[in-house]
>>> print(open('work.pdb').read())   # PDB, C-alpha atoms, pLDDT in the B column
ATOM      1  CA  MET I1450      18.493 -33.435 -68.796  1.00 85.00           C
ATOM      2  CA  VAL I1451      18.967 -34.042 -65.092  1.00 89.00           C
ATOM      3  CA  ILE I1452      20.407 -37.461 -65.720  1.00 90.00           C
ATOM      4  CA  GLU I1453      22.846 -36.031 -68.247  1.00 91.00           C
ATOM      5  CA  ILE I1454      24.088 -33.554 -65.652  1.00 93.00           C
ATOM      6  CA  LEU I1455      24.436 -36.405 -63.145  1.00 93.00           C
ATOM      7  CA  ILE I1456      26.443 -38.540 -65.586  1.00 92.00           C
ATOM      8  CA  SER I1457      28.675 -35.579 -66.466  1.00 93.00           C
ATOM      9  CA  ILE I1458      29.340 -34.935 -62.789  1.00 94.00           C
ATOM     10  CA  PHE I1459      30.321 -38.589 -62.265  1.00 93.00           C
ATOM     11  CA  LEU I1460      32.678 -38.495 -65.247  1.00 93.00           C
ATOM     12  CA  LEU I1461      34.305 -35.199 -64.298  1.00 94.00           C
ATOM     13  CA  ILE I1462      34.783 -36.204 -60.660  1.00 94.00           C
ATOM     14  CA  GLY I1463      36.380 -39.448 -61.797  1.00 93.00           C
ATOM     15  CA  GLY I1464      38.716 -37.645 -64.175  1.00 93.00           C
ATOM     16  CA  LEU I1465      39.717 -35.092 -61.560  1.00 94.00           C
ATOM     17  CA  LEU I1466      40.459 -37.822 -59.002  1.00 93.00           C
ATOM     18  CA  SER I1467      42.602 -39.673 -61.523  1.00 93.00           C
ATOM     19  CA  LEU I1468      44.493 -36.477 -62.268  1.00 93.00           C
ATOM     20  CA  VAL I1469      45.020 -35.939 -58.529  1.00 92.00           C
ATOM     21  CA  GLY I1470      46.437 -39.453 -58.352  1.00 92.00           C
ATOM     22  CA  GLY I1471      48.816 -38.648 -61.201  1.00 92.00           C
ATOM     23  CA  VAL I1472      50.022 -35.466 -59.539  1.00 92.00           C
ATOM     24  CA  GLY I1473      50.491 -37.357 -56.280  1.00 91.00           C
ATOM     25  CA  ILE I1474      52.498 -40.067 -57.999  1.00 91.00           C
ATOM     26  CA  LEU I1475      54.794 -37.370 -59.343  1.00 91.00           C
ATOM     27  CA  ARG I1476      55.239 -35.264 -56.243  1.00 90.00           C
ATOM     28  CA  PHE I1477      55.226 -37.485 -53.145  1.00 89.00           C
ATOM     29  CA  PRO I1478      58.699 -38.024 -51.680  1.00 88.00           C
ATOM     30  CA  ASP I1479      58.908 -41.805 -51.237  1.00 88.00           C
ATOM     31  CA  VAL I1480      57.407 -45.073 -52.447  1.00 88.00           C
ATOM     32  CA  TYR I1481      54.882 -45.435 -49.658  1.00 88.00           C
ATOM     33  CA  GLY I1482      53.439 -41.970 -50.196  1.00 88.00           C
ATOM     34  CA  ARG I1483      53.221 -42.611 -53.901  1.00 89.00           C
ATOM     35  CA  LEU I1484      51.344 -45.839 -53.214  1.00 89.00           C
ATOM     36  CA  HIS I1485      48.944 -43.934 -51.004  1.00 88.00           C
ATOM     37  CA  ALA I1486      48.194 -41.440 -53.777  1.00 87.00           C
ATOM     38  CA  ALA I1487      48.021 -43.986 -56.569  1.00 86.00           C
ATOM     39  CA  THR I1488      45.831 -46.549 -54.890  1.00 87.00           C
ATOM     40  CA  LYS I1489      43.222 -44.418 -53.190  1.00 89.00           C
ATOM     41  CA  SER I1490      42.530 -41.642 -55.635  1.00 90.00           C
ATOM     42  CA  ALA I1491      43.090 -43.496 -58.895  1.00 89.00           C
ATOM     43  CA  THR I1492      40.847 -46.344 -57.770  1.00 91.00           C
ATOM     44  CA  LEU I1493      38.066 -43.997 -56.726  1.00 92.00           C
ATOM     45  CA  GLY I1494      38.430 -42.066 -59.989  1.00 92.00           C
ATOM     46  CA  VAL I1495      38.058 -45.178 -62.108  1.00 93.00           C
ATOM     47  CA  ILE I1496      35.069 -46.269 -60.037  1.00 93.00           C
ATOM     48  CA  GLY I1497      33.442 -42.870 -60.677  1.00 93.00           C
ATOM     49  CA  ILE I1498      34.075 -43.039 -64.415  1.00 94.00           C
ATOM     50  CA  LEU I1499      32.721 -46.577 -64.692  1.00 93.00           C
ATOM     51  CA  THR I1500      29.640 -45.631 -62.654  1.00 94.00           C
ATOM     52  CA  GLY I1501      28.992 -42.785 -65.086  1.00 93.00           C
ATOM     53  CA  VAL I1502      29.371 -45.101 -68.091  1.00 93.00           C
ATOM     54  CA  PHE I1503      27.055 -47.667 -66.492  1.00 93.00           C
ATOM     55  CA  LEU I1504      24.375 -45.045 -65.801  1.00 93.00           C
ATOM     56  CA  PHE I1505      24.726 -43.689 -69.350  1.00 92.00           C
ATOM     57  CA  PHE I1506      24.067 -47.057 -70.925  1.00 92.00           C
ATOM     58  CA  LEU I1507      21.372 -48.004 -68.405  1.00 93.00           C
ATOM     59  CA  ILE I1508      19.261 -44.864 -68.590  1.00 91.00           C
ATOM     60  CA  LEU I1509      19.945 -43.213 -71.923  1.00 89.00           C
ATOM     61  CA  GLU I1510      20.516 -46.310 -74.081  1.00 86.00           C
ATOM     62  CA  HIS I1511      18.381 -48.818 -72.095  1.00 90.00           C
ATOM     63  CA  ILE I1512      21.117 -51.454 -71.978  1.00 88.00           C
ATOM     64  CA  PHE I1513      22.128 -53.180 -68.756  1.00 91.00           C
ATOM     65  CA  ILE I1514      25.835 -54.064 -68.850  1.00 89.00           C
ATOM     66  CA  GLY I1515      26.751 -56.341 -65.995  1.00 90.00           C
ATOM     67  CA  LYS I1516      30.376 -56.489 -67.049  1.00 91.00           C
ATOM     68  CA  ILE I1517      30.939 -52.884 -66.038  1.00 92.00           C
ATOM     69  CA  LEU I1518      29.566 -53.692 -62.590  1.00 92.00           C
ATOM     70  CA  LEU I1519      31.946 -56.659 -62.467  1.00 92.00           C
ATOM     71  CA  GLY I1520      34.780 -54.330 -63.435  1.00 91.00           C
ATOM     72  CA  ILE I1521      33.879 -51.892 -60.643  1.00 92.00           C
ATOM     73  CA  ILE I1522      33.816 -54.686 -58.056  1.00 93.00           C
ATOM     74  CA  PHE I1523      37.068 -56.141 -59.384  1.00 92.00           C
ATOM     75  CA  VAL I1524      38.947 -52.839 -59.250  1.00 91.00           C
ATOM     76  CA  PHE I1525      37.542 -52.126 -55.808  1.00 91.00           C
ATOM     77  CA  LEU I1526      38.710 -55.499 -54.492  1.00 92.00           C
ATOM     78  CA  THR I1527      42.087 -55.926 -56.161  1.00 91.00           C
ATOM     79  CA  ALA I1528      43.732 -52.489 -56.093  1.00 89.00           C
ATOM     80  CA  PRO I1529      44.345 -52.553 -52.287  1.00 89.00           C
ATOM     81  CA  VAL I1530      45.736 -56.095 -52.511  1.00 91.00           C
ATOM     82  CA  GLY I1531      48.212 -55.072 -55.197  1.00 90.00           C
ATOM     83  CA  ALA I1532      49.235 -51.967 -53.282  1.00 90.00           C
ATOM     84  CA  PHE I1533      49.772 -54.026 -50.134  1.00 89.00           C
ATOM     85  CA  MET I1534      52.019 -56.463 -51.952  1.00 89.00           C
ATOM     86  CA  ILE I1535      54.069 -53.697 -53.571  1.00 90.00           C
ATOM     87  CA  SER I1536      54.581 -51.918 -50.249  1.00 88.00           C
ATOM     88  CA  ARG I1537      55.623 -55.148 -48.537  1.00 86.00           C
ATOM     89  CA  THR I1538      58.081 -55.860 -51.327  1.00 87.00           C
ATOM     90  CA  ALA I1539      59.495 -52.343 -51.098  1.00 88.00           C
ATOM     91  CA  TYR I1540      59.962 -52.688 -47.344  1.00 86.00           C
ATOM     92  CA  ILE I1541      61.661 -56.066 -47.583  1.00 83.00           C
ATOM     93  CA  GLN I1542      63.918 -54.782 -50.361  1.00 82.00           C
ATOM     94  CA  GLY I1543      65.010 -51.959 -48.076  1.00 78.00           C
ATOM     95  CA  THR I1544      63.634 -48.992 -49.957  1.00 78.00           C
ATOM     96  CA  LYS I1545      64.425 -45.786 -48.070  1.00 80.00           C
ATOM     97  CA  MET I1546      61.622 -43.933 -46.340  1.00 81.00           C
ATOM     98  CA  TRP I1547      61.331 -40.173 -46.357  1.00 80.00           C
ATOM     99  CA  GLU I1548      63.766 -38.621 -43.890  1.00 79.00           C
ATOM    100  CA  ARG I1549      60.936 -36.984 -41.938  1.00 81.00           C
ATOM    101  CA  THR I1550      59.066 -40.236 -41.298  1.00 79.00           C
ATOM    102  CA  LYS I1551      58.182 -40.508 -37.613  1.00 80.00           C
ATOM    103  CA  GLN I1552      56.852 -44.012 -37.075  1.00 80.00           C
ATOM    104  CA  ASP I1553      57.827 -47.449 -38.326  1.00 77.00           C
ATOM    105  CA  ASP I1554      55.747 -50.216 -36.794  1.00 76.00           C
ATOM    106  CA  LEU I1555      56.980 -53.049 -38.962  1.00 75.00           C
ATOM    107  CA  LYS I1556      60.637 -52.574 -38.008  1.00 77.00           C
ATOM    108  CA  LYS I1557      60.564 -54.421 -34.677  1.00 75.00           C
ATOM    109  CA  TYR I1558      58.942 -57.463 -36.242  1.00 74.00           C
ATOM    110  CA  ILE I1559      61.509 -57.546 -39.037  1.00 71.00           C
ATOM    111  CA  GLU I1560      64.459 -57.119 -36.634  1.00 73.00           C
ATOM    112  CA  THR I1561      63.448 -59.604 -33.961  1.00 75.00           C
ATOM    113  CA  GLY I1562      62.166 -62.121 -36.431  1.00 68.00           C
ATOM    114  CA  GLU I1563      58.905 -62.309 -34.538  1.00 66.00           C
ATOM    115  CA  THR I1564      56.097 -62.786 -37.001  1.00 63.00           C
ATOM    116  CA  PRO I1565      52.736 -62.983 -35.297  1.00 61.00           C
ATOM    117  CA  LYS I1566      50.561 -63.985 -38.232  1.00 64.00           C
ATOM    118  CA  ASP I1567      52.741 -64.542 -41.241  1.00 57.00           C
ATOM    119  CA  LYS I1568      55.541 -67.092 -41.153  1.00 53.00           C
ATOM    120  CA  ARG I1569      56.863 -66.562 -44.629  1.00 54.00           C
ATOM    121  CA  SER I1570      59.625 -64.023 -44.248  1.00 50.00           C
TER
ATOM    122  CA  MET E1074      26.666 -32.399 -72.717  1.00 85.00           C
ATOM    123  CA  VAL E1075      27.728 -35.899 -71.802  1.00 86.00           C
ATOM    124  CA  MET E1076      30.081 -35.899 -74.779  1.00 90.00           C
ATOM    125  CA  ILE E1077      31.771 -32.677 -73.674  1.00 92.00           C
ATOM    126  CA  ALA E1078      32.282 -34.140 -70.206  1.00 91.00           C
ATOM    127  CA  ALA E1079      33.577 -37.369 -71.735  1.00 92.00           C
ATOM    128  CA  TYR E1080      36.148 -35.621 -73.897  1.00 93.00           C
ATOM    129  CA  THR E1081      37.263 -33.456 -70.961  1.00 93.00           C
ATOM    130  CA  THR E1082      37.672 -36.572 -68.843  1.00 93.00           C
ATOM    131  CA  LEU E1083      39.730 -38.172 -71.601  1.00 94.00           C
ATOM    132  CA  VAL E1084      42.121 -35.225 -71.454  1.00 94.00           C
ATOM    133  CA  LEU E1085      42.354 -35.483 -67.658  1.00 93.00           C
ATOM    134  CA  LEU E1086      43.059 -39.214 -67.841  1.00 93.00           C
ATOM    135  CA  ALA E1087      45.704 -38.639 -70.492  1.00 94.00           C
ATOM    136  CA  LEU E1088      47.436 -36.136 -68.205  1.00 94.00           C
ATOM    137  CA  ALA E1089      47.311 -38.659 -65.353  1.00 93.00           C
ATOM    138  CA  ILE E1090      48.867 -41.349 -67.561  1.00 94.00           C
ATOM    139  CA  LEU E1091      51.534 -38.860 -68.665  1.00 94.00           C
ATOM    140  CA  ALA E1092      52.442 -38.226 -65.021  1.00 93.00           C
ATOM    141  CA  CYS E1093      52.701 -41.975 -64.450  1.00 93.00           C
ATOM    142  CA  VAL E1094      54.950 -42.365 -67.506  1.00 94.00           C
ATOM    143  CA  ILE E1095      57.264 -39.639 -66.194  1.00 93.00           C
ATOM    144  CA  ARG E1096      57.474 -41.442 -62.849  1.00 92.00           C
ATOM    145  CA  LEU E1097      58.081 -44.699 -64.714  1.00 92.00           C
ATOM    146  CA  PHE E1098      61.143 -43.200 -66.368  1.00 92.00           C
ATOM    147  CA  LEU E1099      62.593 -41.404 -63.373  1.00 88.00           C
ATOM    148  CA  GLY E1100      61.597 -43.629 -60.500  1.00 77.00           C
ATOM    149  CA  PRO E1101      64.627 -44.235 -58.289  1.00 84.00           C
ATOM    150  CA  SER E1102      63.730 -47.760 -57.191  1.00 85.00           C
ATOM    151  CA  ALA E1103      62.061 -50.714 -58.836  1.00 86.00           C
ATOM    152  CA  ALA E1104      58.998 -50.409 -56.596  1.00 88.00           C
ATOM    153  CA  ASP E1105      58.365 -46.896 -57.939  1.00 90.00           C
ATOM    154  CA  ARG E1106      58.238 -48.245 -61.443  1.00 91.00           C
ATOM    155  CA  VAL E1107      55.848 -51.020 -60.436  1.00 90.00           C
ATOM    156  CA  VAL E1108      53.564 -48.457 -58.779  1.00 91.00           C
ATOM    157  CA  ALA E1109      53.576 -46.362 -61.945  1.00 92.00           C
ATOM    158  CA  LEU E1110      52.750 -49.378 -64.123  1.00 92.00           C
ATOM    159  CA  ASP E1111      49.916 -50.387 -61.791  1.00 91.00           C
ATOM    160  CA  THR E1112      48.423 -46.903 -61.958  1.00 92.00           C
ATOM    161  CA  ILE E1113      48.710 -46.839 -65.752  1.00 93.00           C
ATOM    162  CA  GLY E1114      46.741 -50.095 -65.826  1.00 92.00           C
ATOM    163  CA  ILE E1115      44.037 -48.728 -63.549  1.00 92.00           C
ATOM    164  CA  ASN E1116      43.726 -45.569 -65.636  1.00 92.00           C
ATOM    165  CA  LEU E1117      43.466 -47.582 -68.856  1.00 92.00           C
ATOM    166  CA  ILE E1118      40.318 -49.227 -67.488  1.00 92.00           C
ATOM    167  CA  GLY E1119      38.671 -45.827 -67.207  1.00 91.00           C
ATOM    168  CA  PHE E1120      39.974 -44.912 -70.657  1.00 91.00           C
ATOM    169  CA  ILE E1121      38.276 -47.908 -72.247  1.00 92.00           C
ATOM    170  CA  GLY E1122      35.055 -47.148 -70.370  1.00 92.00           C
ATOM    171  CA  LEU E1123      35.086 -43.647 -71.831  1.00 92.00           C
ATOM    172  CA  MET E1124      35.733 -45.084 -75.284  1.00 92.00           C
ATOM    173  CA  MET E1125      32.604 -47.221 -74.858  1.00 91.00           C
ATOM    174  CA  LEU E1126      30.640 -44.110 -73.961  1.00 91.00           C
ATOM    175  CA  ILE E1127      31.959 -42.005 -76.853  1.00 92.00           C
ATOM    176  CA  GLN E1128      31.514 -44.611 -79.563  1.00 92.00           C
ATOM    177  CA  GLU E1129      28.219 -45.838 -78.004  1.00 90.00           C
ATOM    178  CA  THR E1130      29.133 -49.479 -78.271  1.00 89.00           C
ATOM    179  CA  ILE E1131      29.171 -52.222 -75.661  1.00 88.00           C
ATOM    180  CA  LEU E1132      31.747 -54.386 -77.375  1.00 90.00           C
ATOM    181  CA  TYR E1133      34.643 -53.213 -75.243  1.00 90.00           C
ATOM    182  CA  ALA E1134      33.348 -54.530 -71.919  1.00 90.00           C
ATOM    183  CA  GLU E1135      35.377 -57.715 -72.212  1.00 91.00           C
ATOM    184  CA  ALA E1136      38.506 -55.723 -72.985  1.00 92.00           C
ATOM    185  CA  LEU E1137      37.878 -53.692 -69.834  1.00 91.00           C
ATOM    186  CA  LEU E1138      37.668 -56.810 -67.683  1.00 92.00           C
ATOM    187  CA  ILE E1139      40.707 -58.402 -69.283  1.00 93.00           C
ATOM    188  CA  ILE E1140      42.840 -55.304 -68.767  1.00 92.00           C
ATOM    189  CA  ALA E1141      41.727 -55.180 -65.128  1.00 92.00           C
ATOM    190  CA  ILE E1142      42.706 -58.813 -64.572  1.00 93.00           C
ATOM    191  CA  LEU E1143      46.033 -58.453 -66.388  1.00 93.00           C
ATOM    192  CA  ALA E1144      46.954 -55.321 -64.408  1.00 91.00           C
ATOM    193  CA  PHE E1145      46.287 -57.078 -61.109  1.00 92.00           C
ATOM    194  CA  ILE E1146      48.146 -60.262 -62.020  1.00 93.00           C
ATOM    195  CA  SER E1147      51.144 -58.365 -63.395  1.00 92.00           C
ATOM    196  CA  THR E1148      51.342 -56.244 -60.243  1.00 91.00           C
ATOM    197  CA  VAL E1149      51.248 -59.272 -57.954  1.00 90.00           C
ATOM    198  CA  SER E1150      53.786 -61.196 -60.003  1.00 90.00           C
ATOM    199  CA  PHE E1151      56.151 -58.212 -60.185  1.00 89.00           C
ATOM    200  CA  ALA E1152      55.903 -57.844 -56.419  1.00 88.00           C
ATOM    201  CA  LYS E1153      56.646 -61.510 -55.791  1.00 87.00           C
ATOM    202  CA  PHE E1154      59.479 -61.493 -58.326  1.00 87.00           C
ATOM    203  CA  LEU E1155      61.165 -58.487 -56.722  1.00 85.00           C
ATOM    204  CA  GLU E1156      60.698 -59.934 -53.263  1.00 79.00           C
ATOM    205  CA  GLY E1157      61.970 -63.456 -53.600  1.00 73.00           C
ATOM    206  CA  GLY E1158      62.870 -64.206 -57.153  1.00 65.00           C
ATOM    207  CA  ASN E1159      60.382 -67.018 -57.719  1.00 64.00           C
ATOM    208  CA  VAL E1160      56.887 -66.109 -58.853  1.00 64.00           C
ATOM    209  CA  ILE E1161      55.195 -69.471 -58.571  1.00 65.00           C
ATOM    210  CA  GLY E1162      57.001 -71.722 -56.144  1.00 60.00           C
ATOM    211  CA  ASN E1163      57.119 -73.555 -52.881  1.00 57.00           C
ATOM    212  CA  ARG E1164      56.296 -71.451 -49.844  1.00 58.00           C
ATOM    213  CA  ASN E1165      58.701 -73.205 -47.486  1.00 54.00           C
ATOM    214  CA  THR E1166      61.933 -72.786 -49.389  1.00 50.00           C
ATOM    215  CA  ASP E1167      63.805 -71.071 -46.570  1.00 48.00           C
TER
END
>>> encode(input="work.pdb", output="C-alpha cells")
Amino acid sequence: MVIEILISIFLLIGGLLSLVGGVGILRFPDVYGRLHAATKSATLGVIGILTGVFLFFLILEHIFIGKILLGIIFVFLTAPVGAFMISRTAYIQGTKMWERTKQDDLKKYIETGETPKDKRS
Amino acid sequence: MVMIAAYTTLVLLALAILACVIRLFLGPSAADRVVALDTIGINLIGFIGLMMLIQETILYAEALLIIAILAFISTVSFAKFLEGGNVIGNRNTD
C-alpha cells in the first residue's frame, strides 16, 4: 500500500512538472525563456514518470527493466545538450530577445570576433 | 490507486503536448518550433512509459529508447541545419 502511494506520487509529480513545462512553453516571451521552461521542467517530469514506472515493475511485478534506467540516464544527459544547441542557433540567427532583457554576455564575443574556446563561428 | 494516478498523468501529459502543438503552430521563429518539437519528443517518452504501466507489459522499452534517441538526433540536426545549412560536413569551411 505504501509503495503504491509512493509510485502514485512519483507519477503525479512528473505529470504536473510536464504540464508546467507546457504552460511555460506557451507563456514565456522569447525563445530563451521557452527553452528554460521546456528543458528543465519537462526533463524532470519525464524522469519522475520513468522512475515511477521502474519502481512499479520492480516492486509490484518483480521485473527489473534496465532499459528504463538507460532511458532516464539518456534523457538526463541529452536534453541540456539539445537545448544548448538550439539556443546557440537562435542567437546566431539573430532571434530577438525580450525587450526587458538586462544582460547579454555573448554579445561582446560575437561582435569582436574573439572566441576563447570555440573557433567555429 | 496506481491506475488512477496513471490515467491522471496521461491527461496532464496530453495537455502539455497540446500546449507544445499550439506553440508549434504559432511560434514566430524557427527556433520556437524546434523547441516545441523537442518538448513533444520528451513528453512522448513519458507517454510510452505510462502505456507500459497501464498495459502491464515490458515490450515497449525499446520503443522508449528509440524515441529518446530520435528526438535528440533530430533536435541536434535541426539546430545545425538552421545554423549553417550543412548537417554533416567539414568544420573548417569558412
>>> resolve_selection(input="work.pdb", expression="the PyMOL selection byres ((chain I and resi 1497) around 9)", output="ChimeraX atom specification")
/I:1459-1464,1466,1492-1496,1498-1502 /E:1119
>>> resolve_selection(input="work.pdb", expression="the PyMOL selection byres ((chain E and resi 1077) around 12)", output="ChimeraX atom specification")
/I:1453-1454,1456-1458,1460-1461 /E:1074-1076,1078-1084,1123,1126-1127
>>> resolve_selection(input="work.pdb", expression="the ChimeraX specification (/I :<8) & /E", output="ChimeraX atom specification")
/E:1074-1075,1078-1079,1081-1083,1085-1086,1088-1093,1095-1096,1102,1104-1105,1107-1109,1112,1115-1116,1118-1119,1122-1123,1125-1126,1131,1134-1135,1137-1138,1141,1145,1148-1149,1152-1153,1155-1156,1164-1165
>>> write_last_selection(input="work.pdb", atoms="C-alpha atoms", output="PDB file, in the coordinates of the input")
ATOM      1  CA  MET E1074      26.666 -32.399 -72.717  1.00 85.00           C
ATOM      2  CA  VAL E1075      27.728 -35.899 -71.802  1.00 86.00           C
ATOM      3  CA  ALA E1078      32.282 -34.140 -70.206  1.00 91.00           C
ATOM      4  CA  ALA E1079      33.577 -37.369 -71.735  1.00 92.00           C
ATOM      5  CA  THR E1081      37.263 -33.456 -70.961  1.00 93.00           C
ATOM      6  CA  THR E1082      37.672 -36.572 -68.843  1.00 93.00           C
ATOM      7  CA  LEU E1083      39.730 -38.172 -71.601  1.00 94.00           C
ATOM      8  CA  LEU E1085      42.354 -35.483 -67.658  1.00 93.00           C
ATOM      9  CA  LEU E1086      43.059 -39.214 -67.841  1.00 93.00           C
ATOM     10  CA  LEU E1088      47.436 -36.136 -68.205  1.00 94.00           C
ATOM     11  CA  ALA E1089      47.311 -38.659 -65.353  1.00 93.00           C
ATOM     12  CA  ILE E1090      48.867 -41.349 -67.561  1.00 94.00           C
ATOM     13  CA  LEU E1091      51.534 -38.860 -68.665  1.00 94.00           C
ATOM     14  CA  ALA E1092      52.442 -38.226 -65.021  1.00 93.00           C
ATOM     15  CA  CYS E1093      52.701 -41.975 -64.450  1.00 93.00           C
ATOM     16  CA  ILE E1095      57.264 -39.639 -66.194  1.00 93.00           C
ATOM     17  CA  ARG E1096      57.474 -41.442 -62.849  1.00 92.00           C
ATOM     18  CA  SER E1102      63.730 -47.760 -57.191  1.00 85.00           C
ATOM     19  CA  ALA E1104      58.998 -50.409 -56.596  1.00 88.00           C
ATOM     20  CA  ASP E1105      58.365 -46.896 -57.939  1.00 90.00           C
ATOM     21  CA  VAL E1107      55.848 -51.020 -60.436  1.00 90.00           C
ATOM     22  CA  VAL E1108      53.564 -48.457 -58.779  1.00 91.00           C
ATOM     23  CA  ALA E1109      53.576 -46.362 -61.945  1.00 92.00           C
ATOM     24  CA  THR E1112      48.423 -46.903 -61.958  1.00 92.00           C
ATOM     25  CA  ILE E1115      44.037 -48.728 -63.549  1.00 92.00           C
ATOM     26  CA  ASN E1116      43.726 -45.569 -65.636  1.00 92.00           C
ATOM     27  CA  ILE E1118      40.318 -49.227 -67.488  1.00 92.00           C
ATOM     28  CA  GLY E1119      38.671 -45.827 -67.207  1.00 91.00           C
ATOM     29  CA  GLY E1122      35.055 -47.148 -70.370  1.00 92.00           C
ATOM     30  CA  LEU E1123      35.086 -43.647 -71.831  1.00 92.00           C
ATOM     31  CA  MET E1125      32.604 -47.221 -74.858  1.00 91.00           C
ATOM     32  CA  LEU E1126      30.640 -44.110 -73.961  1.00 91.00           C
ATOM     33  CA  ILE E1131      29.171 -52.222 -75.661  1.00 88.00           C
ATOM     34  CA  ALA E1134      33.348 -54.530 -71.919  1.00 90.00           C
ATOM     35  CA  GLU E1135      35.377 -57.715 -72.212  1.00 91.00           C
ATOM     36  CA  LEU E1137      37.878 -53.692 -69.834  1.00 91.00           C
ATOM     37  CA  LEU E1138      37.668 -56.810 -67.683  1.00 92.00           C
ATOM     38  CA  ALA E1141      41.727 -55.180 -65.128  1.00 92.00           C
ATOM     39  CA  PHE E1145      46.287 -57.078 -61.109  1.00 92.00           C
ATOM     40  CA  THR E1148      51.342 -56.244 -60.243  1.00 91.00           C
ATOM     41  CA  VAL E1149      51.248 -59.272 -57.954  1.00 90.00           C
ATOM     42  CA  ALA E1152      55.903 -57.844 -56.419  1.00 88.00           C
ATOM     43  CA  LYS E1153      56.646 -61.510 -55.791  1.00 87.00           C
ATOM     44  CA  LEU E1155      61.165 -58.487 -56.722  1.00 85.00           C
ATOM     45  CA  GLU E1156      60.698 -59.934 -53.263  1.00 79.00           C
ATOM     46  CA  ARG E1164      56.296 -71.451 -49.844  1.00 58.00           C
ATOM     47  CA  ASN E1165      58.701 -73.205 -47.486  1.00 54.00           C
TER      48      ASN E1165
END
>>> atom_distance(input="work.pdb", atom1="atom CA of E:Asp1111", atom2="atom CA of I:Lys1489")
12.4 Å
>>> atom_distance(input="work.pdb", atom1="atom CA of I:Gly1482", atom2="atom CA of I:Thr1550")
10.7 Å
>>> decode(input="work.pdb", residues="stretch 1106-1120 of chain E", atoms="N, CA and C atoms", output="compact mmCIF listing (two decimals), in the first residue's frame")
# COMPACT_ATOMS: atom_id res chain seq x y z
N ARG E 1106 9.80 26.71 -33.01
CA ARG E 1106 9.19 25.46 -33.47
C ARG E 1106 10.06 24.27 -33.13
N VAL E 1107 11.39 24.46 -33.20
CA VAL E 1107 12.28 23.35 -32.84
C VAL E 1107 12.17 23.04 -31.35
N VAL E 1108 12.04 24.09 -30.52
CA VAL E 1108 11.86 23.86 -29.08
C VAL E 1108 10.58 23.09 -28.82
N ALA E 1109 9.51 23.45 -29.53
CA ALA E 1109 8.24 22.75 -29.31
C ALA E 1109 8.34 21.29 -29.74
N LEU E 1110 9.02 21.03 -30.86
CA LEU E 1110 9.16 19.64 -31.30
C LEU E 1110 10.00 18.83 -30.33
N ASP E 1111 11.06 19.44 -29.79
CA ASP E 1111 11.90 18.76 -28.81
C ASP E 1111 11.10 18.39 -27.57
N THR E 1112 10.26 19.32 -27.11
CA THR E 1112 9.48 19.05 -25.91
C THR E 1112 8.41 17.99 -26.17
N ILE E 1113 7.84 17.99 -27.38
CA ILE E 1113 6.89 16.92 -27.72
C ILE E 1113 7.59 15.56 -27.65
N GLY E 1114 8.82 15.50 -28.17
CA GLY E 1114 9.56 14.24 -28.11
C GLY E 1114 9.83 13.79 -26.70
N ILE E 1115 10.22 14.74 -25.83
CA ILE E 1115 10.50 14.37 -24.44
C ILE E 1115 9.22 13.90 -23.74
N ASN E 1116 8.09 14.56 -24.04
CA ASN E 1116 6.85 14.13 -23.39
C ASN E 1116 6.37 12.78 -23.90
N LEU E 1117 6.67 12.47 -25.16
CA LEU E 1117 6.26 11.16 -25.69
C LEU E 1117 6.95 10.01 -24.97
N ILE E 1118 8.19 10.26 -24.49
CA ILE E 1118 8.89 9.22 -23.74
C ILE E 1118 8.10 8.86 -22.47
N GLY E 1119 7.65 9.90 -21.76
CA GLY E 1119 6.84 9.64 -20.58
C GLY E 1119 5.51 8.99 -20.92
N PHE E 1120 4.95 9.35 -22.05
CA PHE E 1120 3.69 8.76 -22.50
C PHE E 1120 3.84 7.26 -22.70
